[in-house]
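Q: Please see the structure below; I have some questions.
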Amino acid sequence: MNLKGRHLIDPNDFSLEEFKQVFDLADKMVEDREAFGSVCKGKILGTLFYEPSTRTRLSFESAMLRLGGTVLGFSDASTSSVSKGESIADTIRVLDTYADIVVMRHPKEGAPMLASEYSRVPVINGGDGGHQHPTQTLTDLLTIRRLKGSLDNLTVAFCGDLKFGRTVHSLVSTLARYNANKFVFISPAELKFPEHLKETLMEKHNIEIYETESLEEVINQVDILYMTRIQRERFFNEADYMRLKDSYILTRTKLVDAKPDMLVMHPLPRVNEIAYDVDDDQRAAYFKQAELGIYARMALMALQLGVDVNVEGK
Ligand code: CP
């Protein structure tokens with residue numbers, strides 16, 4: 001159970017004990033962030049973002065800066081030598097001499113995995129196509145653990161684009177490994193949770209799943225409502241996106257039927273799927289979730305780099 005030197009490409013790369021190690025350290029960092037302010041002094045994070053990002057890239061950068069390290073990288077592949085045709089393998093072979101740890105976001109599924117095969121430093125998948133987003137999962141689980149007190153015995157509804165939403169694929173496959181969680185999948189027929197992933201869930205974890213197209217039908221039964229954006233960038237056809245983009249809009253009125261302690265989560269960015277009048281509701285957890293992403297990533301990188309985290313606290 002040592003995360004030093006390990007890659008994080010898929011949430012299944014870590015055991016539940018290893019997740020707990022990350023969350024326990026993240027909790028300490030939330031409690032007393034200043035105490036960890038120089039544990040990564042001299043360390044460099046490389047950020048290779050081949051696809052747009054606000055939270056993932058900037059929370060990684062913030063996390064490394066808050067740990068006392070520094071950051072280099074690109075947020076737009078057109079400004080790097082990728083635009084001249086350089087391969088991922090060659091890019092990472094160079095970057096791993098410039099940085100101690102690397103986070104990569106890429107539109108192609110499997111690109112961070114390929115990078116990890118050539119890298120001598122830990123590679124973190126910052127989101128690959130419609131496939132996986134493991135550090136969003138760390139963020140989501142840390143949020144649930146802190147706000148609900150447990151990662152077991154939860155009824156979790158996922159609403160929106162369940163076909164292309166990588167945050168959903170990563171979180172579902174991870175929550176399925178905890179005890180007695182149940183899933184409700186709410187989506188239009190064209191954006192259903194992929195059948196092959198559903199079969200794996202049922203075969204490996206014997207998970208209870210309910211599928212519906214109606215948010216109103218189930219909103220009163222769930223502990224967590226995980227809203228997602230319709231992923232415009234993954235559609236082949238703009239007309240299909242325009243038809244489906246407003247399939248679900250959560251409003252304060254719809255929340256009347258929900259449990260008083262339900263959490264509304266969203267990986268963000270939102271487009272139109274959560275009305276602004278929900279933001280002030282006690283159940284709205286999405287901005288807290290984005291904030292906790294910094295701590296999840298601070299803890300993750302400190303453990304992957306194997307730095308001394310036994311600091312003198314308050
Ligand atoms: N949640 C998330 O991945 O957001 P960004 O696309 O802004 O990084």
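Following the order of the structure tokens, chains are lettered A, B, ..., residues in each are numbered from 1, and ligands are numbered from 1.
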Dump the neighbourhood of ligand 1 as a compact mmCIF listing (two decimals) with C-alpha atoms, in the first residue's frame: all residues within 12 Å, distances computed on only C-alpha atoms and all ligand atoms.

A:
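For reference, out.txt as written:
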```
# COMPACT_ATOMS: atom_id res chain seq x y z
CA PHE A 49 -3.50 19.55 -21.51
CA TYR A 50 -4.48 18.63 -25.05
CA GLU A 51 -8.12 19.51 -24.31
CA PRO A 52 -9.68 22.52 -22.52
CA SER A 53 -9.99 22.52 -18.73
CA THR A 54 -10.56 24.98 -15.92
CA ARG A 55 -10.86 22.97 -12.71
CA THR A 56 -8.61 20.01 -13.38
CA ARG A 57 -5.63 21.96 -14.67
CA LEU A 58 -5.88 24.88 -12.29
CA SER A 59 -6.62 22.75 -9.22
CA PHE A 60 -3.58 20.60 -10.01
CA GLU A 61 -1.49 23.74 -10.39
CA SER A 75 -2.93 24.33 -21.69
CA VAL A 103 -0.90 15.17 -15.40
CA MET A 104 -2.28 14.69 -18.89
CA ARG A 105 -5.71 15.43 -20.38
CA HIS A 106 -6.32 14.17 -23.90
CA PRO A 107 -9.36 13.80 -26.21
CA ASN A 125 -4.91 10.83 -16.16
CA GLY A 126 -6.63 14.23 -16.10
CA GLY A 127 -9.45 12.92 -18.32
CA ASP A 128 -9.21 10.90 -21.57
CA GLY A 129 -12.05 11.28 -24.08
CA GLY A 130 -15.29 9.75 -22.83
CA GLN A 132 -12.10 7.94 -17.38
CA HIS A 133 -11.42 10.88 -15.07
CA PRO A 134 -9.90 9.32 -11.93
CA THR A 135 -8.96 12.50 -10.07
CA GLN A 136 -12.54 13.78 -10.48
CA THR A 137 -13.52 10.51 -8.81
CA LEU A 138 -11.10 11.18 -5.94
CA THR A 139 -12.68 14.64 -5.64
CA ASP A 140 -16.21 13.22 -5.72
CA GLY A 165 -19.62 11.45 -19.35
CA ARG A 166 -16.22 10.17 -18.22
CA THR A 167 -16.77 11.48 -14.68
CA VAL A 168 -19.80 9.20 -14.43
CA SER A 170 -15.13 6.58 -13.28
CA MET A 227 -25.97 16.03 -12.51
CA THR A 228 -23.89 16.10 -15.70
CA ARG A 229 -23.53 18.30 -18.74
CA GLN A 231 -21.04 16.58 -23.73
CA GLU A 233 -17.68 18.01 -27.88
CA MET A 265 -23.23 17.19 -7.12
CA HIS A 266 -21.85 18.16 -10.53
CA PRO A 267 -18.26 17.89 -11.82
CA LEU A 268 -18.74 21.29 -13.56
CA PRO A 269 -18.70 23.09 -15.89
CA ARG A 270 -22.50 23.35 -15.94
CA VAL A 271 -24.24 24.71 -18.99
CA TYR A 286 -20.92 21.37 -6.43
CA PHE A 287 -18.80 24.38 -5.50
CA GLN A 289 -16.82 19.66 -4.54
CA ALA A 290 -14.66 21.84 -6.83
CA GLU A 291 -12.86 23.27 -3.80
CA LEU A 292 -12.16 19.81 -2.36
CA GLY A 293 -10.57 18.87 -5.69
CA ILE A 294 -7.51 20.86 -4.64
```

Q: For the strand (DSSP E) assignment from backbone DSSP, which residues of range 114-309 of chain A qualify? Please present them as number ranges by chain.

A: A: 123-128, 155-159, 182-186, 208-212, 224-227, 263-265

Q: One number please: CA of Leu201 in chain A to CA of Ser173 in chain A, in Å, one decimal.

A: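 Separation of CA of Leu201 in chain A and CA of Ser173 in chain A: 7.1 Å.
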
Q: Near Gly160 in chain A, within 8 Å and counting only C-alpha atoms, which residues show up once chain neighbours fewer than 3 positions away are dropped, as a list of chain:residue names?

A: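 The residues satisfying every condition are A:Ile186, A:Ser187, A:Pro188, A:Leu191, A:Met227, A:Thr228, A:Arg229, A:Ile230, A:Ser247, A:Tyr248.
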